[in-house]
$ cat query.cif   # mmCIF, C-alpha atoms
data_target
#
loop_
_atom_site.label_atom_id
_atom_site.label_comp_id
_atom_site.auth_asym_id
_atom_site.auth_seq_id
_atom_site.Cartn_x
_atom_site.Cartn_y
_atom_site.Cartn_z
CA MET U 1 55.11 -4.00 -61.62
CA ILE U 2 51.78 -5.57 -61.01
CA ARG U 3 52.87 -6.92 -57.64
CA GLN U 4 54.24 -3.54 -56.62
CA SER U 5 51.07 -1.67 -57.38
CA LEU U 6 49.04 -4.27 -55.53
CA ARG U 7 51.21 -3.79 -52.49
CA GLY U 8 50.79 -0.05 -52.88
CA ALA U 9 47.03 -0.38 -52.96
CA ALA U 10 47.14 -2.62 -49.92
CA SER U 11 49.16 -0.18 -47.84
CA LEU U 12 46.89 2.64 -48.97
CA THR U 13 43.90 0.66 -47.73
CA PHE U 14 45.73 -0.06 -44.49
CA ALA U 15 46.47 3.64 -43.98
CA ALA U 16 42.84 4.47 -44.68
CA VAL U 17 41.67 1.99 -42.06
CA ILE U 18 44.07 3.49 -39.50
CA ALA U 19 42.83 7.00 -40.29
CA PHE U 20 39.22 5.79 -40.05
CA CYS U 21 39.84 4.42 -36.56
CA LEU U 22 41.76 7.45 -35.33
CA ALA U 23 38.93 9.70 -36.48
CA GLY U 24 36.76 8.04 -33.87
CA ALA U 25 34.33 6.39 -36.25
CA PRO U 26 32.26 3.54 -34.78
CA ALA U 27 34.56 0.68 -33.83
CA TYR U 28 31.92 -1.97 -33.38
CA ALA U 29 34.33 -4.71 -32.47
CA ASP U 30 35.33 -2.80 -29.34
CA ASP U 31 31.82 -2.19 -28.02
CA THR U 32 31.44 -3.82 -24.69
CA GLU U 33 29.02 -4.76 -21.96
CA VAL U 34 28.91 -4.35 -18.19
CA THR U 35 26.49 -6.66 -16.41
CA ILE U 36 24.75 -6.17 -13.10
CA ASP U 37 24.34 -9.32 -11.02
CA ASN U 38 23.87 -9.43 -7.27
CA PHE U 39 24.11 -5.65 -6.89
CA THR U 40 27.56 -5.66 -8.49
CA PHE U 41 28.89 -4.14 -11.73
CA SER U 42 30.99 -6.63 -13.66
CA PRO U 43 33.64 -5.79 -14.61
CA ALA U 44 33.73 -3.10 -11.96
CA SER U 45 36.58 -1.38 -13.76
CA LEU U 46 36.95 -1.27 -17.52
CA THR U 47 39.39 0.42 -19.90
CA VAL U 48 38.07 1.33 -23.38
CA LYS U 49 39.14 3.40 -26.38
CA VAL U 50 37.53 6.72 -27.26
CA GLY U 51 34.44 6.06 -29.34
CA THR U 52 33.50 2.86 -27.54
CA THR U 53 29.89 2.26 -26.64
CA VAL U 54 29.38 0.57 -23.28
CA THR U 55 26.08 -1.15 -22.56
CA TRP U 56 24.98 -1.96 -19.02
CA LYS U 57 22.54 -4.85 -18.55
CA ASN U 58 20.60 -5.40 -15.33
CA HIS U 59 20.18 -9.08 -14.49
CA ASP U 60 18.88 -8.48 -10.93
CA ASP U 61 15.26 -8.76 -9.76
CA ILE U 62 15.64 -5.23 -8.40
CA PRO U 63 15.91 -2.04 -10.49
CA HIS U 64 19.18 -0.15 -10.72
CA THR U 65 20.47 3.04 -12.33
CA ILE U 66 23.78 4.06 -13.88
CA VAL U 67 24.83 7.57 -12.88
CA SER U 68 28.12 9.32 -13.58
CA VAL U 69 27.70 12.70 -11.90
CA GLY U 70 27.71 15.49 -14.47
CA LYS U 71 28.34 13.04 -17.33
CA PHE U 72 25.42 10.69 -17.86
CA ARG U 73 22.42 9.26 -16.08
CA SER U 74 20.31 6.27 -17.13
CA LYS U 75 16.61 5.82 -16.55
CA THR U 76 15.68 3.21 -13.98
CA LEU U 77 16.64 -0.18 -15.38
CA ASP U 78 14.22 -2.93 -14.46
CA THR U 79 15.18 -6.58 -14.84
CA ASP U 80 16.85 -7.24 -18.24
CA ASP U 81 16.75 -3.55 -19.20
CA GLY U 82 19.90 -2.02 -20.66
CA PHE U 83 21.51 1.40 -20.99
CA SER U 84 24.19 2.41 -23.52
CA PHE U 85 26.58 5.32 -23.54
CA THR U 86 29.22 6.18 -26.15
CA PHE U 87 32.41 7.64 -24.71
CA THR U 88 33.71 10.36 -27.05
CA THR U 89 36.17 11.98 -24.65
CA ALA U 90 39.10 10.42 -22.83
CA GLY U 91 39.06 10.39 -19.05
CA ASP U 92 38.01 8.48 -15.95
CA TYR U 93 34.25 8.03 -15.59
CA LYS U 94 33.31 6.94 -12.11
CA TYR U 95 29.70 5.85 -11.87
CA PHE U 96 27.28 4.36 -9.32
CA CYS U 97 23.70 3.20 -8.83
CA SER U 98 21.74 6.11 -7.35
CA LEU U 99 19.35 3.67 -5.65
CA HIS U 100 22.05 1.49 -4.11
CA PRO U 101 25.05 3.82 -3.86
CA HIS U 102 27.33 1.13 -2.50
CA MET U 103 27.33 -0.15 -6.12
CA THR U 104 30.17 1.66 -7.87
CA GLY U 105 32.16 1.19 -11.07
CA MET U 106 34.62 2.94 -13.36
CA ILE U 107 35.16 3.29 -17.09
CA LYS U 108 38.62 4.49 -18.09
CA VAL U 109 38.53 5.98 -21.59
CA GLU U 110 41.88 6.32 -23.45
CA MET R 1 11.16 -15.33 26.34
CA SER R 2 12.54 -14.01 23.12
CA GLU R 3 9.97 -11.19 23.00
CA PHE R 4 11.11 -10.27 26.49
CA ASP R 5 14.77 -10.01 25.56
CA HIS R 6 13.92 -8.45 22.26
CA ASN R 7 12.26 -5.42 23.82
CA HIS R 8 14.41 -4.80 26.86
CA ASP R 9 17.92 -3.75 27.44
CA HIS R 10 19.05 -5.30 30.67
CA ASP R 11 22.65 -4.35 29.99
CA ASN R 12 21.88 -0.69 30.31
CA PRO R 13 24.00 0.39 33.28
CA ARG R 14 21.37 2.91 34.29
CA GLN R 15 18.97 0.10 34.99
CA GLY R 16 21.17 -1.33 37.77
CA SER R 17 21.76 -5.04 38.08
CA GLY R 18 18.88 -7.26 37.09
CA PRO R 19 15.35 -6.25 36.26
CA SER R 20 13.32 -4.58 38.96
CA ARG R 21 9.98 -6.01 40.04
CA ARG R 22 8.23 -3.28 38.09
CA ARG R 23 10.16 -4.15 34.97
CA VAL R 24 9.40 -7.83 35.33
CA LEU R 25 5.70 -7.01 35.58
CA GLU R 26 5.99 -4.70 32.60
CA CYS R 27 7.60 -7.48 30.61
CA MET R 28 4.85 -9.85 31.60
CA THR R 29 2.29 -7.41 30.27
CA TRP R 30 4.17 -7.27 27.01
CA ALA R 31 4.50 -11.01 26.86
CA GLY R 32 0.72 -11.01 27.23
CA THR R 33 0.41 -8.65 24.32
CA GLY R 34 2.66 -10.98 22.37
CA VAL R 35 0.30 -13.79 23.11
CA LEU R 36 -2.48 -11.67 21.77
CA TRP R 37 -0.64 -11.47 18.48
CA THR R 38 0.16 -15.14 18.37
CA ILE R 39 -3.53 -15.69 18.74
CA THR R 40 -4.41 -13.26 16.00
CA GLY R 41 -2.11 -15.50 13.99
CA GLY R 42 -4.85 -18.13 14.17
CA VAL R 43 -5.26 -20.13 17.38
CA PRO R 44 -8.88 -19.52 18.32
CA ARG R 45 -8.91 -21.54 21.56
CA SER R 46 -6.60 -18.96 23.12
CA LEU R 47 -8.96 -16.09 22.44
CA GLY R 48 -9.89 -15.98 26.14
CA LEU R 49 -6.32 -15.04 26.89
CA VAL R 50 -6.53 -12.22 24.39
CA ASP R 51 -9.58 -10.83 26.12
CA SER R 52 -7.99 -10.98 29.56
CA ALA R 53 -4.76 -9.48 28.24
CA LEU R 54 -6.74 -6.65 26.68
CA ALA R 55 -8.76 -6.11 29.83
CA ALA R 56 -5.61 -5.97 31.95
CA ALA R 57 -3.79 -3.56 29.69
CA PRO R 58 -4.38 0.12 30.36
CA THR R 59 -5.53 1.85 27.24
CA GLY R 60 -2.89 3.81 25.39
CA LEU R 61 -1.96 4.71 21.86
CA SER R 62 -1.52 1.87 19.45
CA PHE R 63 -0.63 2.20 15.81
CA LEU R 64 0.56 -0.06 13.02
CA GLN R 65 3.58 -0.10 10.78
CA ILE R 66 3.56 -1.61 7.33
CA SER R 67 6.49 -1.40 4.97
CA ASP R 68 7.97 -2.30 1.63
CA SER R 69 4.80 -3.35 -0.15
CA HIS R 70 6.60 -3.11 -3.54
CA VAL R 71 3.33 -3.10 -5.47
CA GLY R 72 4.20 -4.14 -9.03
CA PHE R 73 6.86 -6.66 -8.01
CA ASP R 74 6.17 -9.96 -9.80
CA LYS R 75 9.46 -11.85 -9.72
CA PRO R 76 9.93 -15.43 -8.40
CA ALA R 77 10.45 -14.29 -4.77
CA ASN R 78 6.74 -13.32 -4.81
CA PRO R 79 4.83 -13.20 -8.10
CA ASN R 80 1.88 -11.51 -6.37
CA ALA R 81 3.08 -8.70 -4.10
CA LEU R 82 -0.32 -7.00 -4.37
CA GLY R 83 -1.96 -10.18 -3.06
CA THR R 84 0.25 -10.36 0.03
CA LEU R 85 -0.37 -6.66 0.72
CA GLU R 86 -4.06 -7.44 0.62
CA GLU R 87 -3.51 -10.29 3.10
CA ALA R 88 -1.63 -7.91 5.40
CA ILE R 89 -4.51 -5.42 5.28
CA GLY R 90 -6.85 -8.34 5.97
CA ARG R 91 -4.82 -8.96 9.13
CA VAL R 92 -5.22 -5.33 10.13
CA ASN R 93 -8.98 -5.50 9.63
CA ALA R 94 -9.16 -8.67 11.73
CA MET R 95 -7.52 -7.05 14.76
CA PRO R 96 -9.72 -7.19 17.83
CA SER R 97 -9.09 -3.54 18.69
CA LYS R 98 -8.61 -0.93 16.00
CA PRO R 99 -5.28 0.91 16.03
CA SER R 100 -5.32 4.71 15.90
CA PHE R 101 -3.56 4.96 12.57
CA MET R 102 -0.94 3.36 10.36
CA ILE R 103 2.51 4.38 9.19
CA HIS R 104 4.04 3.10 5.95
CA THR R 105 7.84 3.18 5.91
CA GLY R 106 8.30 3.33 2.15
CA ASP R 107 8.71 1.35 -1.04
CA ILE R 108 4.97 1.47 -1.51
CA THR R 109 5.56 0.63 -5.18
CA HIS R 110 8.27 -1.26 -6.99
CA LEU R 111 8.79 1.07 -9.97
CA SER R 112 6.82 4.25 -9.10
CA LYS R 113 4.26 3.64 -11.85
CA ALA R 114 0.94 5.47 -11.52
CA ALA R 115 -0.94 2.14 -11.69
CA GLU R 116 1.22 0.76 -8.86
CA PHE R 117 0.40 3.75 -6.65
CA ASP R 118 -3.29 3.35 -7.58
CA ASN R 119 -3.30 -0.34 -6.68
CA ALA R 120 -1.48 0.26 -3.40
CA GLU R 121 -3.98 2.97 -2.46
CA ARG R 122 -6.94 0.76 -3.38
CA ILE R 123 -5.76 -2.01 -1.04
CA ILE R 124 -4.32 0.04 1.85
CA SER R 125 -7.43 2.24 2.04
CA GLN R 126 -9.44 -0.88 2.88
CA ALA R 127 -7.99 -0.65 6.41
CA LYS R 128 -9.97 2.60 6.80
CA LEU R 129 -7.15 4.12 8.84
CA ASP R 130 -5.18 7.33 8.43
CA VAL R 131 -1.84 6.40 6.89
CA HIS R 132 1.33 8.46 7.37
CA TYR R 133 3.83 7.69 4.63
CA VAL R 134 7.53 8.22 4.09
CA PRO R 135 9.06 7.37 0.70
CA GLY R 136 11.45 4.56 -0.16
CA GLU R 137 13.87 4.76 -3.08
CA HIS R 138 11.38 2.75 -5.16
CA ASP R 139 8.80 5.54 -4.82
CA PHE R 140 10.93 8.16 -6.60
CA LEU R 141 11.63 6.32 -9.87
CA ASP R 142 9.18 8.11 -12.19
CA GLU R 143 10.76 10.43 -14.74
CA ASP R 144 9.54 13.65 -13.10
CA VAL R 145 9.75 12.31 -9.52
CA LYS R 146 6.31 13.70 -8.83
CA LEU R 147 3.86 10.83 -8.31
CA TYR R 148 4.77 10.18 -4.65
CA ARG R 149 4.83 13.87 -3.80
CA GLU R 150 1.48 14.53 -5.48
CA ARG R 151 -0.17 11.77 -3.47
CA TYR R 152 1.58 11.77 -0.12
CA GLY R 153 3.96 14.71 0.04
CA ARG R 154 1.48 17.57 0.17
CA GLY R 155 2.11 19.75 3.20
CA ALA R 156 5.45 18.03 3.83
CA LYS R 157 8.80 19.78 3.68
CA GLY R 158 11.61 19.16 1.17
CA ALA R 159 11.46 15.67 -0.33
CA GLY R 160 8.61 14.77 2.05
CA TRP R 161 9.56 15.09 5.73
CA TYR R 162 7.10 16.23 8.41
CA SER R 163 6.03 15.76 12.02
CA PHE R 164 2.75 15.40 13.88
CA ASP R 165 1.48 14.68 17.38
CA ALA R 166 -0.84 11.93 18.60
CA ASN R 167 -1.79 11.19 22.21
CA GLY R 168 1.15 13.18 23.51
CA VAL R 169 3.64 11.29 21.31
CA HIS R 170 5.62 13.32 18.75
CA PHE R 171 6.00 11.55 15.40
CA ILE R 172 8.68 12.53 12.88
CA GLY R 173 8.68 11.16 9.31
CA LEU R 174 12.08 11.53 7.62
CA VAL R 175 13.32 10.98 4.06
CA ASN R 176 16.72 9.30 3.63
CA VAL R 177 16.45 8.04 0.06
CA VAL R 178 17.36 11.12 -2.03
CA ASP R 179 20.68 12.64 -3.11
CA LEU R 180 22.56 9.47 -2.29
CA LYS R 181 26.29 9.76 -2.85
CA ALA R 182 28.46 7.22 -4.65
CA GLY R 183 29.85 4.69 -2.22
CA GLY R 184 27.64 6.00 0.57
CA LEU R 185 24.57 4.97 2.53
CA GLY R 186 21.15 6.55 3.08
CA ASN R 187 21.22 10.32 3.37
CA LEU R 188 19.19 12.91 5.29
CA GLY R 189 21.03 16.02 4.13
CA ALA R 190 21.74 19.39 5.74
CA GLU R 191 18.35 20.97 5.03
CA GLN R 192 16.40 18.15 6.65
CA LEU R 193 18.75 17.98 9.63
CA ALA R 194 18.33 21.71 10.22
CA TRP R 195 14.57 21.27 10.09
CA LEU R 196 14.76 18.36 12.55
CA GLU R 197 16.86 20.35 15.01
CA ASP R 198 14.29 23.14 14.83
CA ASP R 199 11.36 20.73 15.13
CA LEU R 200 12.76 19.33 18.39
CA LYS R 201 13.87 22.64 19.86
CA GLY R 202 12.00 23.59 23.00
CA ARG R 203 10.10 20.33 23.13
CA ALA R 204 9.82 18.80 26.62
CA LYS R 205 12.37 16.02 27.05
CA SER R 206 9.62 13.87 28.54
CA THR R 207 7.80 13.84 25.18
CA PRO R 208 7.98 10.33 23.71
CA ILE R 209 9.42 10.56 20.20
CA VAL R 210 8.80 8.19 17.31
CA VAL R 211 11.03 8.69 14.25
CA PHE R 212 10.23 6.77 11.09
CA ALA R 213 12.14 6.60 7.80
CA HIS R 214 12.71 4.04 5.06
CA ILE R 215 16.40 3.08 5.34
CA PRO R 216 17.58 2.10 8.83
CA LEU R 217 18.89 5.05 10.83
CA TRP R 218 21.51 2.85 12.42
CA THR R 219 24.24 1.03 10.56
CA VAL R 220 22.96 -2.50 10.05
CA TYR R 221 25.31 -3.60 7.27
CA PRO R 222 27.23 -0.96 5.29
CA ALA R 223 28.47 -3.44 2.66
CA TRP R 224 24.84 -3.63 1.48
CA GLY R 225 24.14 0.04 2.07
CA TRP R 226 21.98 -0.71 5.11
CA GLY R 227 22.47 2.42 7.13
CA THR R 228 22.22 6.21 6.92
CA GLU R 229 25.34 8.31 6.40
CA ASP R 230 24.34 11.26 8.58
CA ALA R 231 21.95 9.57 11.03
CA GLY R 232 24.40 10.31 13.85
CA ARG R 233 23.54 14.00 13.52
CA ALA R 234 19.83 13.27 13.84
CA LEU R 235 20.45 11.14 16.91
CA GLU R 236 22.44 13.99 18.48
CA TYR R 237 19.30 16.13 18.36
CA LEU R 238 17.33 13.30 19.99
CA LYS R 239 19.71 13.00 22.93
CA GLY R 240 18.12 13.78 26.25
CA PHE R 241 14.64 12.69 25.26
CA GLY R 242 13.45 10.00 27.64
CA SER R 243 11.89 7.76 25.02
CA VAL R 244 12.91 7.56 21.39
CA THR R 245 11.67 4.85 19.02
CA VAL R 246 13.08 4.61 15.50
CA LEU R 247 11.06 2.61 12.99
CA ASN R 248 12.47 1.67 9.60
CA GLY R 249 11.91 -0.67 6.65
CA HIS R 250 14.11 -1.31 3.59
CA ILE R 251 15.80 -4.51 4.79
CA HIS R 252 12.65 -6.69 4.68
CA GLN R 253 13.29 -8.42 8.00
CA VAL R 254 12.88 -7.74 11.68
CA MET R 255 15.88 -6.36 13.50
CA GLN R 256 16.07 -4.51 16.75
CA LYS R 257 18.70 -2.69 18.72
CA VAL R 258 18.43 -0.77 21.96
CA GLU R 259 20.95 1.95 22.71
CA GLY R 260 20.29 3.92 25.88
CA ASN R 261 16.82 5.38 25.50
CA VAL R 262 16.67 4.77 21.76
CA THR R 263 15.02 1.65 20.39
CA PHE R 264 15.71 0.92 16.73
CA HIS R 265 13.42 -1.47 14.91
CA THR R 266 12.92 -2.60 11.33
CA ALA R 267 9.70 -4.13 10.00
CA ARG R 268 9.08 -7.00 7.65
CA SER R 269 8.02 -6.33 4.08
CA THR R 270 4.58 -7.30 2.85
CA ALA R 271 6.12 -8.30 -0.51
CA PHE R 272 9.28 -10.42 -0.29
CA PRO R 273 11.98 -11.28 2.26
CA GLN R 274 15.63 -10.30 1.97
CA PRO R 275 18.56 -12.30 3.36
CA ALA R 276 20.19 -11.68 6.73
CA PRO R 277 23.24 -9.41 6.41
CA GLY R 278 26.04 -11.20 4.59
CA ALA R 279 24.06 -14.45 4.35
CA ALA R 280 23.80 -14.21 0.55
CA PRO R 281 25.87 -12.71 -2.28
CA SER R 282 23.52 -9.70 -2.39
CA PRO R 283 20.56 -8.12 -0.58
CA GLY R 284 18.24 -9.00 -3.49
CA PRO R 285 14.82 -10.66 -3.07
CA MET R 286 15.14 -14.02 -1.35
CA LYS R 287 13.25 -16.91 -2.93
CA VAL R 288 11.95 -19.29 -0.29
CA ALA R 289 9.61 -22.29 -0.51
CA ASP R 290 6.06 -21.16 -1.27
CA ASP R 291 4.75 -22.41 2.08
CA LYS R 292 7.45 -20.42 3.93
CA LEU R 293 6.91 -17.05 2.23
CA ARG R 294 4.13 -15.78 4.49
CA SER R 295 6.10 -16.55 7.63
CA LEU R 296 8.67 -14.00 6.42
CA LEU R 297 6.22 -11.24 5.48
CA GLY R 298 4.19 -9.23 7.94
CA ILE R 299 3.24 -6.09 9.81
CA ALA R 300 4.16 -4.53 13.16
CA SER R 301 1.96 -3.20 15.91
CA ILE R 302 3.35 -0.55 18.24
CA ASN R 303 1.77 0.14 21.59
CA PHE R 304 2.51 3.11 23.77
CA LYS R 305 1.39 3.29 27.37
CA ALA R 306 1.74 6.51 29.32
CA GLY R 307 4.55 6.33 31.86
CA GLU R 308 6.43 3.59 30.10
CA GLN R 309 9.72 4.45 28.56
CA ARG R 310 9.74 1.97 25.70
CA LEU R 311 7.05 1.29 23.22
CA ALA R 312 6.05 -2.33 22.88
CA ILE R 313 6.60 -3.47 19.32
CA ILE R 314 4.97 -6.68 18.21
CA ASP R 315 5.83 -8.13 14.82
CA THR R 316 3.26 -10.38 13.27
CA PRO R 317 3.97 -12.56 10.24
CA LEU R 318 1.20 -13.14 7.72
CA GLN R 319 1.34 -16.79 8.68
CA GLY R 320 2.91 -19.06 11.33
#

$ encode --input "query.cif" --output "structure tokens"
Amino acid sequence: MIRQSLRGAASLTFAAVIAFCLAGAPAYADDTEVTIDNFTFSPASLTVKVGTTVTWKNHDDIPHTIVSVGKFRSKTLDTDDGFSFTFTTAGDYKYFCSLHPHMTGMIKVE
Amino acid sequence: MSEFDHNHDHDNPRQGSGPSRRRVLECMTWAGTGVLWTITGGVPRSLGLVDSALAAAPTGLSFLQISDSHVGFDKPANPNALGTLEEAIGRVNAMPSKPSFMIHTGDITHLSKAAEFDNAERIISQAKLDVHYVPGEHDFLDEDVKLYRERYGRGAKGAGWYSFDANGVHFIGLVNVVDLKAGGLGNLGAEQLAWLEDDLKGRAKSTPIVVFAHIPLWTVYPAWGWGTEDAGRALEYLKGFGSVTVLNGHIHQVMQKVEGNVTFHTARSTAFPQPAPGAAPSPGPMKVADDKLRSLLGIASINFKAGEQRLAIIDTPLQG
């Protein structure tokens, strides 16, 4: 009996965790970073789950921006500055640097 | 002879085979002017040559181009961009004959901070010359995108384009650093192109034209964004004019191309050099040995003589 109820409690906890994740609560373990080196976003293409926060970090000696038209727009990021955005809706988010438009990237949110 | 080749297009079929006697003489005059600049670079014993070159040259319009001063930049490629701007202005003040005015082809500041604009103004004004500016992408980074316009854009159209006349030469300052599209190059936009077409309409085709803008108006290296998406449209409107000179910055190195009657030229930066196209993983600031830096920074002097199709452009490094 004791063992059974323990197992019951465990599965209840498990179900709660699943529900917690599905509800889109912060999933810190999934948060991820895109770096800018040599005028290039790395990784250039990234797939994340809804609710993920992506942080861009500029490692260049030249400022850059992160712009996804109609979705989000960072301030100018000087060397070692960062910009974070939390993706709450699924979809493809193409973005680019508005100062150096040949720099492009994509976040796929599922 | 590199100055000679640099400024002349002997492959132009309209020129016939080989340079005419007149052209050879013209080139010699320019070579003389080049000597003048070499001398300004610091060989005093040749000063006599400067004087004779100046005496021989008919007076015309001469103006200066400075570019990409990036005031505020303090990274390893040049920890003191303000200092090298000051050296460049020192060069201007040391010129034996004063140019009529100066153009600045953008990236005055590095991050569009008010203090950066103030510092740039404090140094550049020491040349005591009128300065005609066009913005670079680094001059539009402030939150409200207003600092450049407040200082330099008054009386200009749109994001800051305008034209003016000097000594019979028509000057056009264009803006190709706003509304850039993902994956694209520099951009002039429909409104500015319509203005340009109108600005040129009815103008005598014999009027020498000087166009200046930040990003090159010819495609230098698209993989690094070094070109302007819709520059072809602008060049259409400039067809038929006998003399067109296009002056740009942005790429922090001297490059020149001659296409028919259009001469394209980019100036050095006064702040830091950038690599030759494809010579590095990115177009970012190039760190060179401290004693090499000033040989890669500089200013350009442009001389126009009535009756000559091409303007003589002389690039002068800060050192060497």

$ resolve_selection --input "query.cif" --expression "the PyMOL selection byres ((chain R) within 10 of (chain U))" --output "PyMOL selection string"
chain R and resi 73-77+110-111+136-138+140-143+177-186+222-226+280-286

$ residues_around --input "query.cif" --residues "R:Val175" --least-positions-apart "2" --cutoff "10 Å" --atoms "only C-alpha atoms" --output "list in words"
Thr105, Gly106, Val134, Pro135, Gly136, Glu137, Lys157, Gly158, Ala159, Gly160, Trp161, Tyr162, Gly173, Val177, Val178, Gly186, Asn187, Leu188, Gly189, Gln192, Phe212, Ala213, His214 and Ile215 of chain R

$ resolve_selection --input "query.cif" --expression "the PyMOL selection byres ((chain R and resi 208) around 6)" --output "PDB file with C-alpha atoms, keeping the file's coordinate frame"
ATOM      1  CA  VAL R 169       3.640  11.290  21.310  1.00  0.00           C
ATOM      2  CA  THR R 207       7.800  13.840  25.180  1.00  0.00           C
ATOM      3  CA  ILE R 209       9.420  10.560  20.200  1.00  0.00           C
ATOM      4  CA  SER R 243      11.890   7.760  25.020  1.00  0.00           C
TER       5      SER R 243
END

$ atom_distance --input "query.cif" --atom1 "atom CA of R:Pro273" --atom2 "atom CA of R:Ser112"
19.9 Å

$ resolve_selection --input "query.cif" --expression "the PyMOL selection byres ((chain R and resi 239) around 12)" --output "ChimeraX atom specification"
/R:197,200-201,205-206,209,232-238,240-244,259-262

$ atom_distance --input "query.cif" --atom1 "atom CA of U:Phe87" --atom2 "atom CA of U:Asn58"
19.9 Å

$ residues_near_point --input "query.cif" --point "(0.1, -4.4, -0.3)" --cutoff "6 Å" --atoms "only C-alpha atoms" --output "PyMOL selection string"
chain R and resi 69+82+84-86+120

$ atom_distance --input "query.cif" --atom1 "atom CA of R:Phe101" --atom2 "atom CA of R:Ala88"
14.9 Å

$ axis_aligned_box --input "query.cif" --around "stretch 156-169 of chain R" --padding-each-side "3 Å" --output "AutoDock Vina command-line options"
--center_x 4.9 --center_y 15.5 --center_z 11.6 --size_x 19.4 --size_y 14.6 --size_z 29.8

$ residues_around --input "query.cif" --residues "R:Leu297" --least-positions-apart "4" --cutoff "10 Å" --atoms "only C-alpha atoms" --output "PyMOL selection string"
chain R and resi 67-69+84-85+88+252-254+267-273+292-293+315-319

$ write_last_selection --input "query.cif" --atoms "C-alpha atoms" --output "mmCIF file, in the frame of the given file"
data_model
loop_
_atom_site.group_PDB
_atom_site.id
_atom_site.type_symbol
_atom_site.label_atom_id
_atom_site.label_comp_id
_atom_site.auth_asym_id
_atom_site.auth_seq_id
_atom_site.Cartn_x
_atom_site.Cartn_y
_atom_site.Cartn_z
ATOM 1 C CA SER R 67 6.490 -1.400 4.970
ATOM 2 C CA ASP R 68 7.970 -2.300 1.630
ATOM 3 C CA SER R 69 4.800 -3.350 -0.150
ATOM 4 C CA THR R 84 0.250 -10.360 0.030
ATOM 5 C CA LEU R 85 -0.370 -6.660 0.720
ATOM 6 C CA ALA R 88 -1.630 -7.910 5.400
ATOM 7 C CA HIS R 252 12.650 -6.690 4.680
ATOM 8 C CA GLN R 253 13.290 -8.420 8.000
ATOM 9 C CA VAL R 254 12.880 -7.740 11.680
ATOM 10 C CA ALA R 267 9.700 -4.130 10.000
ATOM 11 C CA ARG R 268 9.080 -7.000 7.650
ATOM 12 C CA SER R 269 8.020 -6.330 4.080
ATOM 13 C CA THR R 270 4.580 -7.300 2.850
ATOM 14 C CA ALA R 271 6.120 -8.300 -0.510
ATOM 15 C CA PHE R 272 9.280 -10.420 -0.290
ATOM 16 C CA PRO R 273 11.980 -11.280 2.260
ATOM 17 C CA LYS R 292 7.450 -20.420 3.930
ATOM 18 C CA LEU R 293 6.910 -17.050 2.230
ATOM 19 C CA ASP R 315 5.830 -8.130 14.820
ATOM 20 C CA THR R 316 3.260 -10.380 13.270
ATOM 21 C CA PRO R 317 3.970 -12.560 10.240
ATOM 22 C CA LEU R 318 1.200 -13.140 7.720
ATOM 23 C CA GLN R 319 1.340 -16.790 8.680
#

$ closest_residue --input "query.cif" --among "R:Arg203, R:Lys305, R:His250, R:His132" --to "R:Gly60" --atoms "only C-alpha atoms"
R:Lys305

$ residues_around --input "query.cif" --residues "R:Glu150" --least-positions-apart "4" --cutoff "12 Å" --atoms "only C-alpha atoms" --output "ChimeraX atom specification"
/R:114,117,139-140,144-146,154-156,159-160

$ decode --input "query.cif" --residues "stretch 283-292 of chain R" --atoms "N, CA and C atoms" --output "PDB file, in the first residue's frame"
ATOM      1  N   PRO R 283      34.020  42.372 -42.529  1.00  0.00           N
ATOM      2  CA  PRO R 283      34.503  43.722 -42.831  1.00  0.00           C
ATOM      3  C   PRO R 283      34.833  44.541 -41.581  1.00  0.00           C
ATOM      4  N   GLY R 284      34.911  43.917 -40.418  1.00  0.00           N
ATOM      5  CA  GLY R 284      35.145  44.653 -39.177  1.00  0.00           C
ATOM      6  C   GLY R 284      36.470  45.387 -39.155  1.00  0.00           C
ATOM      7  N   PRO R 285      36.658  46.263 -38.130  1.00  0.00           N
ATOM      8  CA  PRO R 285      37.894  47.044 -38.026  1.00  0.00           C
ATOM      9  C   PRO R 285      39.125  46.153 -38.095  1.00  0.00           C
ATOM     10  N   MET R 286      40.117  46.603 -38.874  1.00  0.00           N
ATOM     11  CA  MET R 286      41.317  45.795 -39.071  1.00  0.00           C
ATOM     12  C   MET R 286      42.425  46.324 -38.165  1.00  0.00           C
ATOM     13  N   LYS R 287      42.918  45.457 -37.300  1.00  0.00           N
ATOM     14  CA  LYS R 287      44.011  45.836 -36.399  1.00  0.00           C
ATOM     15  C   LYS R 287      45.326  45.638 -37.143  1.00  0.00           C
ATOM     16  N   VAL R 288      46.076  46.728 -37.271  1.00  0.00           N
ATOM     17  CA  VAL R 288      47.397  46.634 -37.906  1.00  0.00           C
ATOM     18  C   VAL R 288      48.425  47.126 -36.893  1.00  0.00           C
ATOM     19  N   ALA R 289      49.703  46.903 -37.188  1.00  0.00           N
ATOM     20  CA  ALA R 289      50.771  47.367 -36.296  1.00  0.00           C
ATOM     21  C   ALA R 289      50.631  48.879 -36.105  1.00  0.00           C
ATOM     22  N   ASP R 290      50.901  49.340 -34.888  1.00  0.00           N
ATOM     23  CA  ASP R 290      50.719  50.755 -34.557  1.00  0.00           C
ATOM     24  C   ASP R 290      51.401  51.684 -35.560  1.00  0.00           C
ATOM     25  N   ASP R 291      52.603  51.310 -36.009  1.00  0.00           N
ATOM     26  CA  ASP R 291      53.325  52.208 -36.920  1.00  0.00           C
ATOM     27  C   ASP R 291      52.799  52.143 -38.355  1.00  0.00           C
ATOM     28  N   LYS R 292      51.837  51.256 -38.610  1.00  0.00           N
ATOM     29  CA  LYS R 292      51.236  51.146 -39.948  1.00  0.00           C
ATOM     30  C   LYS R 292      49.898  51.893 -40.038  1.00  0.00           C
TER      31      LYS R 292
END
